[in-house]
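**Student:** I'd like to ask some things about the structure below.
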Amino acid sequence: MDALLGEAESGWDGGARQIERDGRAAFGGEEARSRRDLLLPVLHAIQERIGWISHEALNYTSLRLNVAPAEAHGVASFYEMFSLSPRPPVTAHVCDDIACMTRGAGALCAELENALGSAGAPCAGGQASWQRSACLGLCERAPAALITAAGKNPRECVLAPATTKSISSAVQDAANGKLPSQVDTLNAKLSVPQAGQAQLRLLRRVGQIDATSLDDHRSTGGYEALRRAFEWGPERVIREVIDSKLVGRGGAAFPTGKKWEAVNLQRNLGRPHYVICNADESEPGTFKDRIVMEGDPFAVLEGMTIAAFAVGAQKGYIYIRGEYPLATERLSHAIRVAREKKLLGDNILGSGFRFDIEIRRGAGAYICGEETALFNSIEGYRGEPRNKPPFPTQSGLFRQPTVVNNVETLINVPEIILGGGAAYARIGTGNSAGYRLFCVSGHVIRPGVYETPYGPTLRQVIEMAGGVGGTGRLQTVLLGGAAGSFVSTAELDTPLTFEGTRAIGATLGSGVVMLFDDSVDLKQVLLRIAAFFRSETCGQCVPCRVGTARQEEALQRLVRHQAIGSVAEESNTLQEIAQAMRDASICGLGQTASGAILSAMNRWSLFS
Ligand SMILES: Cc1cc2nc3c(=O)[nH]c(=O)nc-3n(C[C@H](O)[C@H](O)[C@H](O)COP(=O)(O)O)c2cc1C
Ligand code: SF4
Ligand code: FES
């Protein structure tokens with residue numbers, strides 16, 4: 001990578017000659033030419049070094065990786081974090097999404113306009129600019145900002161809670177090359193209010209041990225489950241996970257053991273298998289995976305290694321959202337240490353099993369959390385979902401059998417192995433088995449990640465978090481994120497289980513519980529959600545590409561009292577758009593893009 005970047009600085013247009021000269025250098029030669037999957041990491045490296053991706057840099061990259069220039073352009077232009085036009089090296093990404101809206105993001109952005117100028121305009125002597133951003137996954141510390149500074153020593157810095165003053169001075173520091181190298185520290189007291197409580201399982205280490213220390217991890221039971229898995233063998237591991245009734249925590253709630261079994265059944269066909277940890281976490285209001293990765297990174301590696309052993313995979317990827325600098329650093333460190341201590345690589349713990357993990361950073365595209373879009377992103381294509389079937393268990397990453405699991409799903413696995421599948425299935429209620437993390441944010445006294453066995457009602461989770469904040473008078477709760485549903489105060493006694501939420505037409509999704517007090521203009525929140533989906537659609541299929549745009553327009557007309565025809569007719573238009581998106585979209589983004597908006601409109605007469 002350094003060789004490539006060195007060339008970048010001495011002039012990208014010399015690329016073709018450089019290939020002739022340097023064919024066998026790192027990232028050069030035939031090997032690189034067949035490695036389109038390096039496209040995203042290379043684009044990241046250019047963006048971080050230069051601050052934007054020039055035409056010449058892109059052309060040179062396409063030559064080196066043997067990707068058609070138009071294709072490389074298509075990929076680079078797909079991702080929000082990449083800029084194809086010159087941009088100052090320092091960028092402040094300021095979240096104006098729904099949780100931050102409840103904590104003053106609107107006023108913050110207005111103040112920034114006064115202090116730094118309009119969004120997108122150069123400031124700090126032309127060395128910086130600021131821009132609005134969708135949820136940065138820091139909702140428990142809202143309002144949030146992320147500062148990125150390109151250069152020889154690229155830096156990233158999280159500010160949460162952010163103020164006009166802290167953003168302005170960080171921008172100035174960054175422009176002067178003085179942004180702190182420390183990417184932030186996890187403040188467990190703030191982000192995990194239950195930290196240290198005896199009943200915790202998934203969060204028991206967060207804030208209690210040094211997350212960078214393998215010894216600390218091991219002294220709290222780390223890697224015992226992997227040892228037991230090796231003693232049991234793959235079939236028994238899978239049986240226990242099936243018996244545990246664990247289902248995925250990434251939103252789709254698919255039974256984890258069944259997924260593993262489907263991949264394992266192809267073990268003898270001689271095809272490589274892959275395990276992917278989905279750490280893209282871009283659903284507005286979701287931040288649990290970040291806190292786990294920052295506070296207990298070895299647990300993620302252990303869960304992945306057990307999954308890989310169960311399904312016969314030798315290679316794994318962690319696909320982590322690009323806006324998570326500390327989690328990325330913690331996982332990279334954990335991988336290095338695990339390799340040194342023979343917990344990754346050949347002959348892990350003397351078992352003869354071989355497995356290694358590579359980290360891939362996303363680049364600001366919510367859709368890449370969808371598993372098949374994620375495959376395309378790792379492979380160096382635009383993050384566009386694929387049609388299913390074939391399902392990932394048959395044809396996933398590089399068209400090979402692949403297990404994709406969410407971070408939270410994977411950290412449940414050691415619990416299952418150590419306690420046994422049947423015992424795990426008894427935790428929780430009915431078919432909602434095990435432990436669950438909830439991301440509680442908005443107008444609540446103690447925002448943060450909370451862990452409970454399945455079972456408590458929404459009211460109990462809110463009480464756990466100290467009760468309603470803001471005015472103290474609750475208007476509504478958004479369950480499951482932007483792709484979830486708004487529920488009313490009459491529904492607070494709903495158990496937060498799959499069965500309980502289904503009964504009120506809601507979903508747990510990625511565990512978002514976002515509170516809005518009665519001072520909030522819900523119509524503005526709906527508009528922000530509509531804007532989010534309009535901006536995040538990959539545009540591949542018409543119902544979603546056009547539907548998300550029309551949805552936002554119709555909502556804007558309703559909010560501005562400019563409905564075409566009557567309010568009822570415009571509302572009906574929204575219902576029809578939603579129906580078309582649900583019925584004809586390829587993936588879950590289009591299918592759920594209207595869910596939260598309609599859930600609010602169906603519960604309250606917002607526009608009459
Ligand atoms: C638009 C969209 C975004 C998604 N984002 C994520 C995500 O950020 N993290 C995640 O684990 N799953 C996400 N999913 C679900 C994944 O496609 C997949 O079901 C999940 O990673 C499987 O892991 P699990 O079975 O452990 O939940 C998303 C799905 C859709 C449709
Ligand atoms: S539904 Fe939307 S996000 Fe999904 S593939 Fe179609 S256009 Fe892309
Ligand atoms: S960080 Fe702002 S809404 Fe999540």
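Following the order of the structure tokens, chains are lettered A, B, ..., residues in each are numbered from 1, and ligands are numbered from 1.
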May I have the residues within 8 Å of ligand 1, computed using only C-alpha atoms and all ligand atoms, as a PyMOL selection string?
**Tutor:** chain A and resi 247-256+259+277-283+366-372+404-410+510+587-590
**Student:** For Pro193 (chain A), work out the shell of residues within 8 Å, counting only C-alpha atoms and skipping chain neighbours fewer than 2 positions away, then give it as a list in words.
**Tutor:** Ala188, Lys189, Leu190, Ser191, Ala195, Arg446, Pro447, Gly448, Val449, Tyr450 and Ala465 of chain A
**Student:** As a PyMOL selection string, please: all residues of region 400-570 of chain A that backbone DSSP puts in strand (DSSP E or B).
**Tutor:** chain A and resi 402-406+428-429+432-433+435-442+444+448-453+457+468+474-479+485-487+495+512-517
**Student:** I'd like the neighbourhood of region 333-338 of chain A as a list in words, where a residue qualifies if any of its atoms comes within 9 Å (using only C-alpha atoms), though same-chain residues fewer than 5 positions away should be ignored.
**Tutor:** Ala211, Thr212, Ser213, Leu214, Pro297, Phe298, Leu301, Thr328, Leu343, Leu344, Gly345, Asp356, Ile357 and Glu358 of chain A
**Student:** Which one of A:Ile597, A:Cys538, A:Ala149, A:Cys139 sits closest to ligand 3 if you count only C-alpha atoms and all ligand atoms?
**Tutor:**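 Of all the options, A:Cys139 lies closest to ligand 3.
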**Student:** State, in Å with one decimal place, the distance from CA of Tyr324 (chain A) to CA of Ala373 (chain A).
**Tutor:**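 Separating CA of Tyr324 (chain A) from CA of Ala373 (chain A) is a distance of 19.3 Å.
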**Student:** What are the closest atom pairs, with distances in Å to one decimal, for each residue of chain A lying within 10 Å of ligand 2, using only C-alpha atoms and all ligand atoms, rows by chain and rising residue number, as JSON lines?
**Tutor:**
```
{"residue": "A:Tyr366", "atom": "CA", "partner": "ligand 2", "partner_atom_place_in_ligand_line": "3 (S)", "distance": 9.0}
{"residue": "A:Ile367", "atom": "CA", "partner": "ligand 2", "partner_atom_place_in_ligand_line": "3 (S)", "distance": 6.1}
{"residue": "A:Cys368", "atom": "CA", "partner": "ligand 2", "partner_atom_place_in_ligand_line": "3 (S)", "distance": 9.2}
{"residue": "A:Glu370", "atom": "CA", "partner": "ligand 2", "partner_atom_place_in_ligand_line": "4 (Fe)", "distance": 8.4}
{"residue": "A:Thr372", "atom": "CA", "partner": "ligand 2", "partner_atom_place_in_ligand_line": "5 (S)", "distance": 9.7}
{"residue": "A:Ala373", "atom": "CA", "partner": "ligand 2", "partner_atom_place_in_ligand_line": "5 (S)", "distance": 8.3}
{"residue": "A:Gly383", "atom": "CA", "partner": "ligand 2", "partner_atom_place_in_ligand_line": "8 (Fe)", "distance": 8.7}
{"residue": "A:Glu384", "atom": "CA", "partner": "ligand 2", "partner_atom_place_in_ligand_line": "5 (S)", "distance": 5.9}
{"residue": "A:Pro385", "atom": "CA", "partner": "ligand 2", "partner_atom_place_in_ligand_line": "5 (S)", "distance": 5.0}
{"residue": "A:Arg386", "atom": "CA", "partner": "ligand 2", "partner_atom_place_in_ligand_line": "5 (S)", "distance": 7.2}
{"residue": "A:Asn387", "atom": "CA", "partner": "ligand 2", "partner_atom_place_in_ligand_line": "5 (S)", "distance": 8.2}
{"residue": "A:Phe533", "atom": "CA", "partner": "ligand 2", "partner_atom_place_in_ligand_line": "3 (S)", "distance": 8.6}
{"residue": "A:Arg534", "atom": "CA", "partner": "ligand 2", "partner_atom_place_in_ligand_line": "2 (Fe)", "distance": 9.2}
{"residue": "A:Glu536", "atom": "CA", "partner": "ligand 2", "partner_atom_place_in_ligand_line": "3 (S)", "distance": 7.1}
{"residue": "A:Thr537", "atom": "CA", "partner": "ligand 2", "partner_atom_place_in_ligand_line": "3 (S)", "distance": 4.3}
{"residue": "A:Cys538", "atom": "CA", "partner": "ligand 2", "partner_atom_place_in_ligand_line": "8 (Fe)", "distance": 4.0}
{"residue": "A:Gly539", "atom": "CA", "partner": "ligand 2", "partner_atom_place_in_ligand_line": "7 (S)", "distance": 4.0}
{"residue": "A:Gln540", "atom": "CA", "partner": "ligand 2", "partner_atom_place_in_ligand_line": "7 (S)", "distance": 4.1}
{"residue": "A:Cys541", "atom": "CA", "partner": "ligand 2", "partner_atom_place_in_ligand_line": "7 (S)", "distance": 4.1}
{"residue": "A:Val542", "atom": "CA", "partner": "ligand 2", "partner_atom_place_in_ligand_line": "7 (S)", "distance": 6.5}
{"residue": "A:Pro543", "atom": "CA", "partner": "ligand 2", "partner_atom_place_in_ligand_line": "7 (S)", "distance": 7.2}
{"residue": "A:Cys544", "atom": "CA", "partner": "ligand 2", "partner_atom_place_in_ligand_line": "2 (Fe)", "distance": 4.4}
{"residue": "A:Arg545", "atom": "CA", "partner": "ligand 2", "partner_atom_place_in_ligand_line": "7 (S)", "distance": 5.2}
{"residue": "A:Val546", "atom": "CA", "partner": "ligand 2", "partner_atom_place_in_ligand_line": "7 (S)", "distance": 8.7}
{"residue": "A:Gly547", "atom": "CA", "partner": "ligand 2", "partner_atom_place_in_ligand_line": "2 (Fe)", "distance": 9.0}
{"residue": "A:Thr548", "atom": "CA", "partner": "ligand 2", "partner_atom_place_in_ligand_line": "2 (Fe)", "distance": 8.4}
{"residue": "A:Met581", "atom": "CA", "partner": "ligand 2", "partner_atom_place_in_ligand_line": "1 (S)", "distance": 7.4}
{"residue": "A:Arg582", "atom": "CA", "partner": "ligand 2", "partner_atom_place_in_ligand_line": "1 (S)", "distance": 8.7}
{"residue": "A:Ala584", "atom": "CA", "partner": "ligand 2", "partner_atom_place_in_ligand_line": "1 (S)", "distance": 8.0}
{"residue": "A:Ser585", "atom": "CA", "partner": "ligand 2", "partner_atom_place_in_ligand_line": "1 (S)", "distance": 4.2}
{"residue": "A:Ile586", "atom": "CA", "partner": "ligand 2", "partner_atom_place_in_ligand_line": "1 (S)", "distance": 4.6}
{"residue": "A:Cys587", "atom": "CA", "partner": "ligand 2", "partner_atom_place_in_ligand_line": "4 (Fe)", "distance": 4.0}
{"residue": "A:Gly588", "atom": "CA", "partner": "ligand 2", "partner_atom_place_in_ligand_line": "4 (Fe)", "distance": 6.1}
{"residue": "A:Leu589", "atom": "CA", "partner": "ligand 2", "partner_atom_place_in_ligand_line": "3 (S)", "distance": 5.0}
{"residue": "A:Gly590", "atom": "CA", "partner": "ligand 2", "partner_atom_place_in_ligand_line": "1 (S)", "distance": 3.8}
{"residue": "A:Gln591", "atom": "CA", "partner": "ligand 2", "partner_atom_place_in_ligand_line": "1 (S)", "distance": 6.5}
{"residue": "A:Thr592", "atom": "CA", "partner": "ligand 2", "partner_atom_place_in_ligand_line": "1 (S)", "distance": 8.9}
{"residue": "A:Ala593", "atom": "CA", "partner": "ligand 2", "partner_atom_place_in_ligand_line": "2 (Fe)", "distance": 8.7}
```
**Student:** For a test of reading the model, state the distance in Å between CA of Val487 (chain A) and CA of Asp289 (chain A), rounded to one decimal.
**Tutor:**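 Interatomic distance, CA of Val487 (chain A) to CA of Asp289 (chain A): 24.2 Å.
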**Student:** Rounded to one decimal place, report the CA of Lys523 (chain A)-CA of Ile167 (chain A) distance in Å.
**Tutor:**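 CA of Ile167 (chain A) lies 28.3 Å from CA of Lys523 (chain A).
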**Student:** With the cut-off set at 6 Å and counting only C-alpha atoms and all ligand atoms, tabulate each residue of chain A with an atom at most that distance from an atom of ligand 3, showing the nearest atom pair and its distance in Å to one decimal, ordered by chain and increasing number, as a Markdown table.
**Tutor:**
```
| residue | atom | partner | partner_atom_place_in_ligand_line | distance |
| --- | --- | --- | --- | --- |
| A:Cys95 | CA | ligand 3 | 2 (Fe) | 4.7 |
| A:Asp97 | CA | ligand 3 | 3 (S) | 4.3 |
| A:Ile98 | CA | ligand 3 | 3 (S) | 4.9 |
| A:Ala99 | CA | ligand 3 | 3 (S) | 4.0 |
| A:Cys100 | CA | ligand 3 | 2 (Fe) | 4.2 |
| A:Cys135 | CA | ligand 3 | 4 (Fe) | 3.8 |
| A:Leu136 | CA | ligand 3 | 1 (S) | 4.1 |
| A:Gly137 | CA | ligand 3 | 1 (S) | 4.6 |
| A:Leu138 | CA | ligand 3 | 1 (S) | 4.0 |
| A:Cys139 | CA | ligand 3 | 4 (Fe) | 3.7 |
| A:Ala142 | CA | ligand 3 | 2 (Fe) | 5.7 |
| A:Pro143 | CA | ligand 3 | 2 (Fe) | 5.8 |
| A:Ala144 | CA | ligand 3 | 1 (S) | 5.3 |
| A:Pro284 | CA | ligand 3 | 4 (Fe) | 5.5 |
| A:Gly285 | CA | ligand 3 | 4 (Fe) | 4.9 |
```
**Student:** Find the residues around Val520 (chain A) up to 12 Å (only C-alpha atoms counted), leave out those fewer than 6 positions away in its own chain, and share them as a PyMOL selection string.
**Tutor:** chain A and resi 98-99+101-104+106+442-443+470-471+473-477+526
**Student:** Okay, now the selection with N, CA, C and O atoms, as a short mmCIF file (atom, residue, chain, number, x, y, z; two decimals), in the first residue's frame?
**Tutor:**
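Below you can see result.cif, which holds the result:
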```cif
data_model
loop_
_atom_site.label_atom_id
_atom_site.label_comp_id
_atom_site.auth_asym_id
_atom_site.auth_seq_id
_atom_site.Cartn_x
_atom_site.Cartn_y
_atom_site.Cartn_z
N ILE A 98 -31.78 11.37 13.74
CA ILE A 98 -32.91 11.51 14.66
C ILE A 98 -32.56 11.53 16.15
O ILE A 98 -33.16 12.29 16.90
N ALA A 99 -31.60 10.72 16.60
CA ALA A 99 -31.27 10.78 18.04
C ALA A 99 -30.58 12.09 18.36
O ALA A 99 -30.84 12.72 19.40
N MET A 101 -31.07 14.82 16.80
CA MET A 101 -32.09 15.89 16.75
C MET A 101 -32.68 16.14 18.14
O MET A 101 -32.98 17.27 18.50
N THR A 102 -32.83 15.05 18.91
CA THR A 102 -33.43 15.23 20.26
C THR A 102 -32.45 15.89 21.22
O THR A 102 -32.83 16.26 22.31
N ARG A 103 -31.20 15.97 20.83
CA ARG A 103 -30.19 16.54 21.72
C ARG A 103 -29.51 17.76 21.08
O ARG A 103 -28.31 17.98 21.23
N GLY A 104 -30.28 18.48 20.30
CA GLY A 104 -29.81 19.80 19.87
C GLY A 104 -29.01 19.84 18.58
O GLY A 104 -28.32 20.83 18.32
N GLY A 106 -30.00 20.28 15.59
CA GLY A 106 -30.48 21.35 14.70
C GLY A 106 -29.80 22.67 15.07
O GLY A 106 -29.26 23.38 14.21
N GLY A 442 -32.18 9.13 22.79
CA GLY A 442 -33.22 10.16 22.68
C GLY A 442 -33.49 10.78 24.04
O GLY A 442 -32.58 10.94 24.86
N HIS A 443 -34.79 11.07 24.28
CA HIS A 443 -35.15 11.72 25.55
C HIS A 443 -35.29 10.70 26.66
O HIS A 443 -36.39 10.31 27.05
N GLY A 470 -35.85 14.82 28.84
CA GLY A 470 -36.44 15.99 28.17
C GLY A 470 -37.49 16.63 29.05
O GLY A 470 -37.25 16.92 30.22
N THR A 471 -38.72 16.79 28.52
CA THR A 471 -39.80 17.40 29.30
C THR A 471 -40.35 16.43 30.34
O THR A 471 -41.16 16.82 31.17
N ARG A 473 -42.33 14.12 29.59
CA ARG A 473 -43.62 13.62 29.06
C ARG A 473 -43.36 12.94 27.73
O ARG A 473 -42.98 13.58 26.75
N LEU A 474 -43.57 11.63 27.71
CA LEU A 474 -43.23 10.84 26.53
C LEU A 474 -44.28 11.02 25.43
O LEU A 474 -45.47 10.95 25.69
N GLN A 475 -43.80 11.24 24.21
CA GLN A 475 -44.73 11.31 23.06
C GLN A 475 -44.80 9.95 22.37
O GLN A 475 -45.85 9.39 22.14
N THR A 476 -43.62 9.39 22.06
CA THR A 476 -43.58 8.12 21.33
C THR A 476 -42.20 7.49 21.48
O THR A 476 -41.23 8.16 21.88
N VAL A 477 -42.12 6.20 21.15
CA VAL A 477 -40.83 5.51 21.13
C VAL A 477 -40.66 4.91 19.73
O VAL A 477 -41.59 4.30 19.20
N LEU A 526 -40.02 12.41 10.91
CA LEU A 526 -40.39 11.59 9.75
C LEU A 526 -39.69 12.09 8.49
O LEU A 526 -39.23 11.29 7.66
#
```
**Student:** Quick one: of A:Gly565, A:Gly428, A:Pro154, A:Gly222, who's nearest to Gly177 (chain A), counting only C-alpha atoms?
**Tutor:**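 Among A:Gly565, A:Gly428, A:Pro154, A:Gly222, it is A:Pro154 that comes nearest to Gly177 (chain A).
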**Student:** Quick one: residues within 12 Å of Gln197 (chain A), only C-alpha atoms counted, chain neighbours fewer than 6 positions away excluded, as number ranges by chain?
**Tutor:** A: 189, 203-208, 450-452
**Student:** How would the residues just chosen look if you wrote them out with all heavy atoms as an mmCIF file, in the first residue's frame?
**Tutor:**
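Result file follows (part-v2.cif):
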```cif
data_model
loop_
_atom_site.group_PDB
_atom_site.id
_atom_site.type_symbol
_atom_site.label_atom_id
_atom_site.label_comp_id
_atom_site.auth_asym_id
_atom_site.auth_seq_id
_atom_site.Cartn_x
_atom_site.Cartn_y
_atom_site.Cartn_z
ATOM 1 N N LYS A 189 -18.875 4.091 31.606
ATOM 2 C CA LYS A 189 -19.875 4.605 32.566
ATOM 3 C C LYS A 189 -20.990 5.330 31.824
ATOM 4 O O LYS A 189 -22.155 5.241 32.170
ATOM 5 C CB LYS A 189 -19.204 5.585 33.530
ATOM 6 C CG LYS A 189 -18.507 4.941 34.700
ATOM 7 C CD LYS A 189 -18.815 5.718 35.990
ATOM 8 C CE LYS A 189 -18.670 4.902 37.260
ATOM 9 N NZ LYS A 189 -17.832 3.753 37.187
ATOM 10 N N LEU A 203 -22.161 -8.055 28.154
ATOM 11 C CA LEU A 203 -21.455 -6.794 28.425
ATOM 12 C C LEU A 203 -20.567 -6.900 29.655
ATOM 13 O O LEU A 203 -20.093 -5.887 30.170
ATOM 14 C CB LEU A 203 -22.477 -5.664 28.645
ATOM 15 C CG LEU A 203 -23.369 -5.280 27.463
ATOM 16 C CD1 LEU A 203 -24.381 -4.221 27.884
ATOM 17 C CD2 LEU A 203 -22.530 -4.762 26.291
ATOM 18 N N ARG A 204 -20.334 -8.134 30.128
ATOM 19 C CA ARG A 204 -19.691 -8.232 31.438
ATOM 20 C C ARG A 204 -18.263 -7.704 31.462
ATOM 21 O O ARG A 204 -17.780 -7.248 32.490
ATOM 22 C CB ARG A 204 -19.726 -9.675 31.950
ATOM 23 C CG ARG A 204 -18.831 -10.660 31.214
ATOM 24 C CD ARG A 204 -19.046 -12.054 31.814
ATOM 25 N NE ARG A 204 -18.111 -13.034 31.313
ATOM 26 C CZ ARG A 204 -18.212 -13.642 30.129
ATOM 27 N NH1 ARG A 204 -19.216 -13.317 29.310
ATOM 28 N NH2 ARG A 204 -17.329 -14.543 29.749
ATOM 29 N N ARG A 205 -17.597 -7.736 30.317
ATOM 30 C CA ARG A 205 -16.203 -7.263 30.321
ATOM 31 C C ARG A 205 -16.076 -5.786 29.960
ATOM 32 O O ARG A 205 -15.043 -5.180 30.233
ATOM 33 C CB ARG A 205 -15.376 -8.061 29.308
ATOM 34 C CG ARG A 205 -15.246 -9.532 29.641
ATOM 35 C CD ARG A 205 -14.159 -10.167 28.783
ATOM 36 N NE ARG A 205 -14.178 -11.600 28.906
ATOM 37 C CZ ARG A 205 -14.837 -12.422 28.088
ATOM 38 N NH1 ARG A 205 -15.523 -11.944 27.064
ATOM 39 N NH2 ARG A 205 -14.807 -13.721 28.294
ATOM 40 N N VAL A 206 -17.142 -5.241 29.338
ATOM 41 C CA VAL A 206 -17.011 -3.876 28.802
ATOM 42 C C VAL A 206 -16.794 -2.873 29.939
ATOM 43 O O VAL A 206 -17.608 -2.764 30.855
ATOM 44 C CB VAL A 206 -18.261 -3.492 27.970
ATOM 45 C CG1 VAL A 206 -18.152 -2.055 27.469
ATOM 46 C CG2 VAL A 206 -18.434 -4.458 26.809
ATOM 47 N N GLY A 207 -15.681 -2.191 29.888
ATOM 48 C CA GLY A 207 -15.352 -1.206 30.921
ATOM 49 C C GLY A 207 -14.759 -1.831 32.168
ATOM 50 O O GLY A 207 -14.322 -1.130 33.067
ATOM 51 N N GLN A 208 -14.727 -3.156 32.253
ATOM 52 C CA GLN A 208 -14.227 -3.827 33.457
ATOM 53 C C GLN A 208 -12.827 -4.380 33.272
ATOM 54 O O GLN A 208 -12.141 -4.694 34.219
ATOM 55 C CB GLN A 208 -15.174 -4.982 33.855
ATOM 56 C CG GLN A 208 -16.607 -4.547 34.070
ATOM 57 C CD GLN A 208 -16.693 -3.429 35.104
ATOM 58 O OE1 GLN A 208 -16.328 -3.618 36.256
ATOM 59 N NE2 GLN A 208 -17.154 -2.256 34.669
ATOM 60 N N TYR A 450 -28.105 -1.427 26.928
ATOM 61 C CA TYR A 450 -28.597 -2.207 28.067
ATOM 62 C C TYR A 450 -28.729 -3.666 27.661
ATOM 63 O O TYR A 450 -29.164 -3.968 26.547
ATOM 64 C CB TYR A 450 -29.966 -1.679 28.527
ATOM 65 C CG TYR A 450 -29.841 -0.338 29.207
ATOM 66 C CD1 TYR A 450 -29.781 0.835 28.463
ATOM 67 C CD2 TYR A 450 -29.728 -0.247 30.587
ATOM 68 C CE1 TYR A 450 -29.625 2.071 29.078
ATOM 69 C CE2 TYR A 450 -29.577 0.988 31.218
ATOM 70 C CZ TYR A 450 -29.526 2.135 30.459
ATOM 71 O OH TYR A 450 -29.367 3.355 31.078
ATOM 72 N N GLU A 451 -28.356 -4.541 28.581
ATOM 73 C CA GLU A 451 -28.493 -5.983 28.324
ATOM 74 C C GLU A 451 -29.552 -6.560 29.245
ATOM 75 O O GLU A 451 -29.550 -6.300 30.441
ATOM 76 C CB GLU A 451 -27.149 -6.675 28.603
ATOM 77 C CG GLU A 451 -27.253 -8.190 28.523
ATOM 78 C CD GLU A 451 -25.972 -8.895 28.984
ATOM 79 O OE1 GLU A 451 -24.858 -8.392 28.747
ATOM 80 O OE2 GLU A 451 -26.120 -9.980 29.592
ATOM 81 N N THR A 452 -30.438 -7.361 28.657
ATOM 82 C CA THR A 452 -31.380 -8.118 29.501
ATOM 83 C C THR A 452 -31.643 -9.447 28.802
ATOM 84 O O THR A 452 -31.503 -9.553 27.584
ATOM 85 C CB THR A 452 -32.768 -7.431 29.661
ATOM 86 O OG1 THR A 452 -33.561 -7.721 28.502
ATOM 87 C CG2 THR A 452 -32.671 -5.956 29.851
#
```
**Student:** Write out as a ChimeraX atom specification which residues come within 12 Å of Gly396 (chain A) when counting only C-alpha atoms, dropping same-chain ones fewer than 2 positions away.
**Tutor:** /A:263,271-276,371-376,378-379,385-394,398-404
**Student:** Which of these, A:Trp260, A:Ser169, A:Pro86, A:Glu553, has the shortest distance to Leu112 (chain A) once you count only C-alpha atoms?
**Tutor:** A:Ser169
**Student:** Which residues are close to Arg49 (chain A), i.e. within 8 Å by only C-alpha atoms, leaving aside same-chain residues fewer than 5 positions away? Reply as a list in words.
**Tutor:**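 Residues meeting the cut-off are Leu5, Ala150, Gly151, Lys152, Asn153 and Pro154 of chain A.
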**Student:** Which residue is closest to Ile529 (chain A)? Choose from A:Met514, A:Ala134, A:Ala145, A:Leu226 and count only C-alpha atoms.
**Tutor:**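 Nearest to Ile529 (chain A): A:Ala134.
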**Student:** Taking only C-alpha atoms into account, name the residue in A:Glu302, A:Gly125, A:Asp296, A:Ala363 that is nearest to Val75 (chain A).
**Tutor:**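 Nearest candidate to Val75 (chain A) out of A:Glu302, A:Gly125, A:Asp296, A:Ala363: A:Ala363.
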**Student:** Of the candidates A:His561, A:Arg528, A:Arg64, A:Arg141, which one gets nearest to Val440 (chain A) if we count only C-alpha atoms?
**Tutor:** A:Arg141
